[in-house]
Amino acid sequence: MPRTADVAVIGDGVIGASIAYHLAAAGAEVALLARSGGFRPSATRQSAGQIRMHHSDPHDARLAALGLETFERWTEIIGGDCGFRRTGFAFLVDEEHSSVLARTVSELKGLGVETTVLAPDELADEQPALNLDGVAAVAYEPRSGYADPVRTTMALTERARAHGAEVLTGAGGAQLHCTGDRFTGVVLNGDVVNAEHIVVAAGVGSAALCAAANVDLGTGAPRALVHSKEVGWAAAKTSTIPGAASLCMVIDDIAGTYFRPDGSGQVLFRVPLDGSEAPADDTRIPLRSAEVAAARARAAARLRGLATAEVTTAARAAEAYTSDGRALIGPLARHPGLYLATGFNGGGFKAAPAVGRAVAAELLSGVVRPELDPYRPDRFTTGQPEPIIQRYRNM
């Protein structure tokens, strides 16, 4: 185990791996620390892997847009294979939200995103599997699609290692280490890795990690700002779905569901859960058959043939959420040496390349990156948290 590093990154998900890679590629000495076997309720491992730009929050859209080219040119830019597949992406809304959709598309075009507003019949011509009853307008992104979350994270981790990063694991996970009033390292397996900067990118584990070190995220109760919610999805065979080979990724804001192709002969669809807090420990609770059946019925109203498709697998995971709907990215003024990159509210995967690049640049240069300004953790201490931005019925 190395005794010193420029930066110690805690967290083995896609955000931590991206930060570690970009730091190591820039020449920094990096230690990436994780629990043996990974954080079991990992949001990364059970992510739906969506790569799309359409967001209610324009700042989240910007991060996604800044990362798209990396996914598209992964082998050239990063190395390895992230499993990116371009399927196109359609966002469906009712009449009440059609003007909001048009405004959002205009904002995205201002960010350089290739997107357009389609009438339902225009999409129907290309997507025979879709039942577009009740759809008033569609936002379509031809370059969007999905990637494999595990392959993406493994590629980033291996490329970080190739650039000299040390990847360290311990059965009990890592703990923050203080010297005086400054965080100076991380304890793993009883040993201390000293570092100038410590990045907490542990997802749902971030709150407990910070609380154990008496880190105040703004309210005196870190768990109040970074809490976990359960999310789920299931996959089914596409043999009963017409035109499945050309199916695009879809978010149906009217019904509150999504679905996308998932490799050869399968489609992945959302399984809504009750939104309750995920278990505090590593307990894995399998999806119940009634939950999957209800979710399939909801998606089947939009996707022809899904009602009779054979479900092959289902999964649930815990994702880290914040009280105002935006991630926590940046240093904490009252806790020198500590930098947060957590609480992505279910949207961290698509933003990971941009976040990793920007965080690495900030830590190594000391120059702030403007794309990260809306996500500063200290916003809660200055009384400036912005409200959750929800432009649509379900998004």
# chains A, B, ... in the order shown; residues from 1 in each chain; ligands from 1
$ select_by_dssp --residues "range 183-338 of chain A" --states "strand (DSSP E)" --output "PyMOL selection string"
chain A and resi 183-188+191-200+227-237+249-252+257-261+266-271+311-321+328-331+338
$ select_by_dssp --residues "range 153-203 of chain A" --states "helix (DSSP H, G or I)" --output "PyMOL selection string"
chain A and resi 153-162+203
$ write_last_selection --atoms "N, CA and C atoms" --output "CSV table (one decimal), in the first residue's frame"
chain,number,residue,atom,x,y,z
A,153,THR,N,-17.0,1.5,-16.0
A,153,THR,CA,-16.2,1.7,-14.8
A,153,THR,C,-14.9,0.9,-14.8
A,154,MET,N,-15.0,-0.3,-15.3
A,154,MET,CA,-13.8,-1.1,-15.4
A,154,MET,C,-12.7,-0.5,-16.3
A,155,ALA,N,-13.2,0.1,-17.4
A,155,ALA,CA,-12.3,0.7,-18.4
A,155,ALA,C,-11.6,1.9,-17.7
A,156,LEU,N,-12.3,2.7,-17.0
A,156,LEU,CA,-11.8,3.9,-16.4
A,156,LEU,C,-10.8,3.4,-15.3
A,157,THR,N,-11.1,2.4,-14.5
A,157,THR,CA,-10.3,1.9,-13.5
A,157,THR,C,-9.0,1.4,-14.0
A,158,GLU,N,-9.1,0.6,-15.1
A,158,GLU,CA,-7.9,0.0,-15.7
A,158,GLU,C,-7.0,1.0,-16.3
A,159,ARG,N,-7.6,2.0,-16.9
A,159,ARG,CA,-6.8,3.1,-17.6
A,159,ARG,C,-6.1,3.9,-16.5
A,160,ALA,N,-6.8,4.1,-15.4
A,160,ALA,CA,-6.2,4.9,-14.3
A,160,ALA,C,-5.0,4.1,-13.7
A,161,ARG,N,-5.2,2.8,-13.6
A,161,ARG,CA,-4.1,1.9,-13.1
A,161,ARG,C,-2.9,2.0,-14.1
A,162,ALA,N,-3.2,2.0,-15.4
A,162,ALA,CA,-2.2,2.0,-16.4
A,162,ALA,C,-1.4,3.3,-16.4
A,203,GLY,N,-21.0,7.6,-3.3
A,203,GLY,CA,-22.4,7.4,-3.5
A,203,GLY,C,-23.2,7.3,-2.3
$ residues_around --residues "Glu114 in chain A" --least-positions-apart "3" --cutoff "12 Å" --atoms "only C-alpha atoms" --output "ChimeraX atom specification"
/A:52-54,65,68,88-89,105-111,117,139-144
$ residues_around --residues "Pro120 in chain A" --least-positions-apart "2" --cutoff "12 Å" --atoms "only C-alpha atoms" --output "list in words"
Ala90, Phe91, Leu92, Val93, Asp94, Glu95, Ser98, Val117, Leu118, Glu122, Leu123, Ala124, Asp125, Glu126, Gln127, Pro128, Leu130, Asn131, Leu132, Asp133, Gly134, Val135, Ala136, Ala137, Val138, Ala139 and Tyr140 of chain A
$ closest_residue --among "A:Tyr258, A:Tyr375, A:Phe349, A:Tyr339" --to "Met395 in chain A" --atoms "only C-alpha atoms"
A:Tyr258
$ closest_residue --among "A:Cys82, A:Cys248, A:Val271, A:Ala327" --to "Gly346 in chain A" --atoms "only C-alpha atoms"
A:Ala327
$ closest_residue --among "A:Ala358, A:Ala48, A:Leu306, A:Ala147" --to "Phe71 in chain A" --atoms "only C-alpha atoms"
A:Ala147
$ residues_around --residues "Ala234 in chain A" --least-positions-apart "3" --cutoff "6 Å" --atoms "only C-alpha atoms" --output "MDAnalysis selection string"
chainID A and resid 268:269 313:314
$ write_last_selection --atoms "N, CA, C and O atoms" --output "compact mmCIF listing (two decimals), in the first residue's frame"
# COMPACT_ATOMS: atom_id res chain seq x y z
N LEU A 268 -34.75 -3.25 -21.78
CA LEU A 268 -34.72 -2.93 -20.35
C LEU A 268 -35.77 -1.87 -20.07
O LEU A 268 -35.90 -0.90 -20.82
N PHE A 269 -36.58 -2.04 -18.99
CA PHE A 269 -37.62 -1.06 -18.67
C PHE A 269 -37.61 -0.74 -17.18
O PHE A 269 -37.17 -1.53 -16.35
N THR A 313 -34.61 -10.88 -16.26
CA THR A 313 -33.88 -10.48 -15.06
C THR A 313 -34.46 -9.19 -14.52
O THR A 313 -35.18 -8.47 -15.23
N ALA A 314 -34.17 -8.92 -13.26
CA ALA A 314 -34.62 -7.67 -12.63
C ALA A 314 -33.61 -7.31 -11.55
O ALA A 314 -32.94 -8.17 -10.97
$ residues_around --residues "Gly27 in chain A" --least-positions-apart "6" --cutoff "12 Å" --atoms "only C-alpha atoms" --output "NGL selection string"
:A and (5-7 or 20-21 or 160-165 or 360-361 or 364)
$ write_last_selection --atoms "N, CA and C atoms" --output "compact mmCIF listing (two decimals), in the first residue's frame"
# COMPACT_ATOMS: atom_id res chain seq x y z
N ALA A 5 -0.03 9.98 -1.52
CA ALA A 5 -0.61 10.21 -2.85
C ALA A 5 -0.95 11.69 -2.93
N ASP A 6 -1.01 12.20 -4.14
CA ASP A 6 -1.49 13.57 -4.30
C ASP A 6 -2.98 13.64 -3.97
N VAL A 7 -3.73 12.63 -4.44
CA VAL A 7 -5.18 12.60 -4.22
C VAL A 7 -5.59 11.18 -3.87
N ALA A 20 -10.40 9.42 -10.74
CA ALA A 20 -9.09 8.80 -10.60
C ALA A 20 -8.37 8.72 -11.94
N TYR A 21 -9.10 8.33 -12.99
CA TYR A 21 -8.48 8.24 -14.32
C TYR A 21 -7.95 9.60 -14.78
N ALA A 160 -6.83 4.15 -15.37
CA ALA A 160 -6.21 4.86 -14.25
C ALA A 160 -5.01 4.09 -13.74
N ARG A 161 -5.17 2.77 -13.60
CA ARG A 161 -4.07 1.92 -13.15
C ARG A 161 -2.89 1.98 -14.14
N ALA A 162 -3.21 1.98 -15.43
CA ALA A 162 -2.17 2.03 -16.44
C ALA A 162 -1.36 3.32 -16.36
N HIS A 163 -2.00 4.39 -15.87
CA HIS A 163 -1.31 5.67 -15.71
C HIS A 163 -0.67 5.80 -14.33
N GLY A 164 -0.65 4.71 -13.56
CA GLY A 164 0.07 4.73 -12.29
C GLY A 164 -0.77 4.80 -11.05
N ALA A 165 -2.09 4.86 -11.16
CA ALA A 165 -2.94 4.92 -9.97
C ALA A 165 -2.89 3.59 -9.23
N ALA A 360 -10.65 16.80 -11.76
CA ALA A 360 -9.20 16.64 -11.85
C ALA A 360 -8.53 17.97 -12.16
N ALA A 361 -9.11 18.73 -13.08
CA ALA A 361 -8.53 20.02 -13.44
C ALA A 361 -8.53 20.98 -12.26
N LEU A 364 -5.85 19.88 -9.55
CA LEU A 364 -4.45 20.00 -9.96
C LEU A 364 -4.03 21.42 -10.28
$ closest_residue --among "A:Ala28, A:Ile19, A:Ala245, A:Leu338" --to "Asp181 in chain A" --atoms "only C-alpha atoms"
A:Leu338
$ residues_around --residues "Gln175 in chain A" --least-positions-apart "5" --cutoff "12 Å" --atoms "only C-alpha atoms" --output "VMD selection string"
chain A and resid 8 to 11 33 to 35 170 183 to 193 198 to 200 202 205 to 215
$ write_last_selection --atoms "N, CA, C and O atoms" --output "compact mmCIF listing (two decimals), in the first residue's frame"
# COMPACT_ATOMS: atom_id res chain seq x y z
N ALA A 8 -6.41 11.03 -2.83
CA ALA A 8 -7.05 9.76 -2.51
C ALA A 8 -8.52 9.88 -2.86
O ALA A 8 -9.20 10.80 -2.38
N VAL A 9 -9.00 8.99 -3.70
CA VAL A 9 -10.40 9.00 -4.14
C VAL A 9 -11.11 7.82 -3.49
O VAL A 9 -10.71 6.67 -3.67
N ILE A 10 -12.18 8.10 -2.73
CA ILE A 10 -12.94 7.05 -2.07
C ILE A 10 -14.20 6.77 -2.89
O ILE A 10 -15.04 7.65 -3.05
N GLY A 11 -14.32 5.55 -3.38
CA GLY A 11 -15.51 5.19 -4.15
C GLY A 11 -15.14 4.46 -5.42
O GLY A 11 -14.32 4.94 -6.20
N LEU A 33 -9.72 4.08 -3.61
CA LEU A 33 -10.02 3.18 -2.51
C LEU A 33 -11.48 2.75 -2.53
O LEU A 33 -12.38 3.56 -2.76
N ALA A 34 -11.69 1.45 -2.26
CA ALA A 34 -13.04 0.92 -2.28
C ALA A 34 -13.15 -0.27 -1.34
O ALA A 34 -12.15 -0.83 -0.90
N ARG A 35 -14.37 -0.63 -1.04
CA ARG A 35 -14.61 -1.85 -0.28
C ARG A 35 -14.36 -3.07 -1.15
O ARG A 35 -14.57 -3.04 -2.36
N GLY A 170 -10.50 -2.78 0.79
CA GLY A 170 -10.51 -3.26 2.16
C GLY A 170 -11.91 -3.71 2.53
O GLY A 170 -12.90 -3.10 2.11
N PHE A 183 -8.15 17.44 6.85
CA PHE A 183 -8.17 16.05 6.42
C PHE A 183 -6.90 15.78 5.61
O PHE A 183 -6.64 16.44 4.60
N THR A 184 -6.15 14.81 6.05
CA THR A 184 -4.83 14.57 5.48
C THR A 184 -4.65 13.16 4.90
O THR A 184 -3.58 12.84 4.41
N GLY A 185 -5.67 12.35 5.01
CA GLY A 185 -5.50 11.01 4.48
C GLY A 185 -6.72 10.14 4.65
O GLY A 185 -7.79 10.60 5.09
N VAL A 186 -6.54 8.88 4.32
CA VAL A 186 -7.61 7.88 4.39
C VAL A 186 -7.06 6.63 5.05
O VAL A 186 -5.93 6.21 4.77
N VAL A 187 -7.86 6.04 5.93
CA VAL A 187 -7.47 4.80 6.59
C VAL A 187 -8.16 3.63 5.89
O VAL A 187 -9.38 3.63 5.70
N LEU A 188 -7.37 2.63 5.49
CA LEU A 188 -7.90 1.44 4.86
C LEU A 188 -7.12 0.23 5.38
O LEU A 188 -5.88 0.24 5.36
N ASN A 189 -7.83 -0.75 5.86
CA ASN A 189 -7.19 -1.94 6.43
C ASN A 189 -6.23 -1.59 7.56
O ASN A 189 -5.21 -2.27 7.75
N GLY A 190 -6.52 -0.53 8.28
CA GLY A 190 -5.69 -0.13 9.41
C GLY A 190 -4.49 0.70 9.03
O GLY A 190 -3.77 1.19 9.92
N ASP A 191 -4.24 0.90 7.76
CA ASP A 191 -3.11 1.70 7.29
C ASP A 191 -3.60 3.05 6.78
O ASP A 191 -4.73 3.19 6.30
N VAL A 192 -2.73 4.06 6.86
CA VAL A 192 -3.08 5.41 6.43
C VAL A 192 -2.43 5.71 5.09
O VAL A 192 -1.22 5.51 4.91
N VAL A 193 -3.25 6.17 4.15
CA VAL A 193 -2.74 6.73 2.90
C VAL A 193 -2.81 8.24 3.04
O VAL A 193 -3.89 8.82 3.10
N ILE A 198 -8.54 14.66 -0.47
CA ILE A 198 -9.35 13.45 -0.35
C ILE A 198 -10.68 13.72 -1.02
O ILE A 198 -11.39 14.66 -0.66
N VAL A 199 -11.03 12.90 -2.02
CA VAL A 199 -12.29 13.04 -2.74
C VAL A 199 -13.26 11.96 -2.26
O VAL A 199 -12.96 10.77 -2.33
N VAL A 200 -14.41 12.39 -1.75
CA VAL A 200 -15.46 11.45 -1.34
C VAL A 200 -16.42 11.28 -2.51
O VAL A 200 -17.18 12.19 -2.84
N ALA A 202 -18.33 8.24 -2.82
CA ALA A 202 -18.80 6.92 -2.38
C ALA A 202 -20.30 6.73 -2.54
O ALA A 202 -20.86 5.79 -1.97
N GLY A 205 -22.77 5.58 0.20
CA GLY A 205 -21.94 5.46 1.39
C GLY A 205 -21.35 6.76 1.87
O GLY A 205 -20.74 6.82 2.95
N SER A 206 -21.54 7.84 1.11
CA SER A 206 -20.90 9.11 1.44
C SER A 206 -21.39 9.71 2.75
O SER A 206 -20.61 10.27 3.52
N ALA A 207 -22.70 9.63 3.00
CA ALA A 207 -23.25 10.25 4.20
C ALA A 207 -22.68 9.63 5.47
O ALA A 207 -22.25 10.34 6.38
N ALA A 208 -22.67 8.30 5.52
CA ALA A 208 -22.14 7.63 6.70
C ALA A 208 -20.65 7.88 6.86
O ALA A 208 -20.15 8.05 7.97
N LEU A 209 -19.93 7.91 5.74
CA LEU A 209 -18.50 8.17 5.77
C LEU A 209 -18.22 9.55 6.36
O LEU A 209 -17.34 9.72 7.21
N CYS A 210 -18.97 10.55 5.90
CA CYS A 210 -18.80 11.91 6.41
C CYS A 210 -19.25 12.02 7.87
O CYS A 210 -18.59 12.66 8.69
N ALA A 211 -20.37 11.40 8.19
CA ALA A 211 -20.89 11.48 9.55
C ALA A 211 -19.90 10.88 10.55
O ALA A 211 -19.72 11.39 11.66
N ALA A 212 -19.24 9.78 10.18
CA ALA A 212 -18.28 9.13 11.08
C ALA A 212 -17.10 10.02 11.38
O ALA A 212 -16.46 9.88 12.43
N ALA A 213 -16.81 10.98 10.49
CA ALA A 213 -15.70 11.91 10.70
C ALA A 213 -16.18 13.28 11.15
O ALA A 213 -15.42 14.25 11.13
N ASN A 214 -17.47 13.38 11.56
CA ASN A 214 -18.06 14.64 12.03
C ASN A 214 -17.98 15.74 10.98
O ASN A 214 -17.76 16.90 11.31
N VAL A 215 -18.15 15.36 9.73
CA VAL A 215 -18.16 16.34 8.66
C VAL A 215 -19.55 16.93 8.55
O VAL A 215 -20.54 16.22 8.37
$ closest_residue --among "A:Thr257, A:Gly265, A:Thr312, A:Tyr321" --to "Ala297 in chain A" --atoms "only C-alpha atoms"
A:Thr257
$ atom_distance --atom1 "CA of Arg391 in chain A" --atom2 "CA of Ile15 in chain A"
26.2 Å
$ decode --residues "range 180-195 of chain A" --atoms "all heavy atoms" --output "CSV table (one decimal), in the first residue's frame"
chain,number,residue,atom,x,y,z
A,180,GLY,N,-5.1,17.6,13.1
A,180,GLY,CA,-5.6,18.9,13.5
A,180,GLY,C,-6.9,19.1,12.9
A,180,GLY,O,-7.9,18.3,13.0
A,181,ASP,N,-7.1,20.3,12.2
A,181,ASP,CA,-8.4,20.6,11.6
A,181,ASP,C,-8.4,20.3,10.1
A,181,ASP,O,-9.4,20.7,9.4
A,181,ASP,CB,-8.8,22.0,11.8
A,181,ASP,CG,-7.8,23.0,11.2
A,181,ASP,OD1,-6.8,22.5,10.7
A,181,ASP,OD2,-8.0,24.2,11.2
A,182,ARG,N,-7.4,19.6,9.6
A,182,ARG,CA,-7.4,19.3,8.2
A,182,ARG,C,-7.4,17.8,7.9
A,182,ARG,O,-6.8,17.0,8.6
A,182,ARG,CB,-6.0,19.9,7.6
A,182,ARG,CG,-5.9,19.6,6.1
A,182,ARG,CD,-4.6,20.2,5.5
A,182,ARG,NE,-4.6,20.0,4.1
A,182,ARG,CZ,-5.1,20.8,3.2
A,182,ARG,NH1,-5.8,21.9,3.5
A,182,ARG,NH2,-5.1,20.5,1.9
A,183,PHE,N,-8.1,17.4,6.8
A,183,PHE,CA,-8.2,16.0,6.4
A,183,PHE,C,-6.9,15.8,5.6
A,183,PHE,O,-6.6,16.4,4.6
A,183,PHE,CB,-9.4,15.7,5.6
A,183,PHE,CG,-10.6,15.6,6.5
A,183,PHE,CD1,-11.4,16.7,6.7
A,183,PHE,CD2,-11.0,14.4,7.0
A,183,PHE,CE1,-12.5,16.6,7.5
A,183,PHE,CE2,-12.1,14.3,7.8
A,183,PHE,CZ,-12.9,15.4,8.1
A,184,THR,N,-6.1,14.8,6.1
A,184,THR,CA,-4.8,14.6,5.5
A,184,THR,C,-4.7,13.2,4.9
A,184,THR,O,-3.6,12.8,4.4
A,184,THR,CB,-3.7,14.8,6.5
A,184,THR,OG1,-4.0,13.9,7.7
A,184,THR,CG2,-3.7,16.2,7.0
A,185,GLY,N,-5.7,12.4,5.0
A,185,GLY,CA,-5.5,11.0,4.5
A,185,GLY,C,-6.7,10.1,4.7
A,185,GLY,O,-7.8,10.6,5.1
A,186,VAL,N,-6.5,8.9,4.3
A,186,VAL,CA,-7.6,7.9,4.4
A,186,VAL,C,-7.1,6.6,5.0
A,186,VAL,O,-5.9,6.2,4.8
A,186,VAL,CB,-8.1,7.5,3.0
A,186,VAL,CG1,-9.2,6.5,3.0
A,186,VAL,CG2,-8.7,8.8,2.3
A,187,VAL,N,-7.9,6.0,5.9
A,187,VAL,CA,-7.5,4.8,6.6
A,187,VAL,C,-8.2,3.6,5.9
A,187,VAL,O,-9.4,3.6,5.7
A,187,VAL,CB,-7.9,4.8,8.1
A,187,VAL,CG1,-7.4,3.5,8.7
A,187,VAL,CG2,-7.2,6.0,8.8
A,188,LEU,N,-7.4,2.6,5.5
A,188,LEU,CA,-7.9,1.4,4.9
A,188,LEU,C,-7.1,0.2,5.4
A,188,LEU,O,-5.9,0.2,5.4
A,188,LEU,CB,-7.8,1.5,3.3
A,188,LEU,CG,-8.4,0.4,2.5
A,188,LEU,CD1,-10.0,0.6,2.6
A,188,LEU,CD2,-8.0,0.4,1.1
A,189,ASN,N,-7.8,-0.7,5.9
A,189,ASN,CA,-7.2,-1.9,6.4
A,189,ASN,C,-6.2,-1.6,7.6
A,189,ASN,O,-5.2,-2.3,7.8
A,189,ASN,CB,-6.4,-2.7,5.3
A,189,ASN,CG,-7.4,-3.2,4.3
A,189,ASN,OD1,-8.5,-3.6,4.5
A,189,ASN,ND2,-6.9,-3.3,3.0
A,190,GLY,N,-6.5,-0.5,8.3
A,190,GLY,CA,-5.7,-0.1,9.4
A,190,GLY,C,-4.5,0.7,9.0
A,190,GLY,O,-3.8,1.2,9.9
A,191,ASP,N,-4.2,0.9,7.8
A,191,ASP,CA,-3.1,1.7,7.3
A,191,ASP,C,-3.6,3.1,6.8
A,191,ASP,O,-4.7,3.2,6.3
A,191,ASP,CB,-2.4,1.0,6.2
A,191,ASP,CG,-1.7,-0.3,6.6
A,191,ASP,OD1,-1.1,-0.3,7.7
A,191,ASP,OD2,-1.8,-1.3,5.9
A,192,VAL,N,-2.7,4.1,6.9
A,192,VAL,CA,-3.1,5.4,6.4
A,192,VAL,C,-2.4,5.7,5.1
A,192,VAL,O,-1.2,5.5,4.9
A,192,VAL,CB,-2.7,6.5,7.5
A,192,VAL,CG1,-3.0,7.9,6.9
A,192,VAL,CG2,-3.3,6.2,8.8
A,193,VAL,N,-3.2,6.2,4.1
A,193,VAL,CA,-2.7,6.7,2.9
A,193,VAL,C,-2.8,8.2,3.0
A,193,VAL,O,-3.9,8.8,3.1
A,193,VAL,CB,-3.6,6.3,1.7
A,193,VAL,CG1,-3.0,6.9,0.4
A,193,VAL,CG2,-3.6,4.8,1.6
A,194,ASN,N,-1.7,8.9,3.1
A,194,ASN,CA,-1.6,10.3,3.3
A,194,ASN,C,-1.8,11.0,1.9
A,194,ASN,O,-1.3,10.5,0.9
A,194,ASN,CB,-0.3,10.8,3.9
A,194,ASN,CG,-0.1,10.3,5.3
A,194,ASN,OD1,-0.9,10.5,6.1
A,194,ASN,ND2,1.0,9.5,5.5
A,195,ALA,N,-2.6,12.0,1.9
A,195,ALA,CA,-2.9,12.7,0.6
A,195,ALA,C,-3.2,14.2,0.8
A,195,ALA,O,-3.7,14.6,1.9
A,195,ALA,CB,-4.1,12.0,-0.1
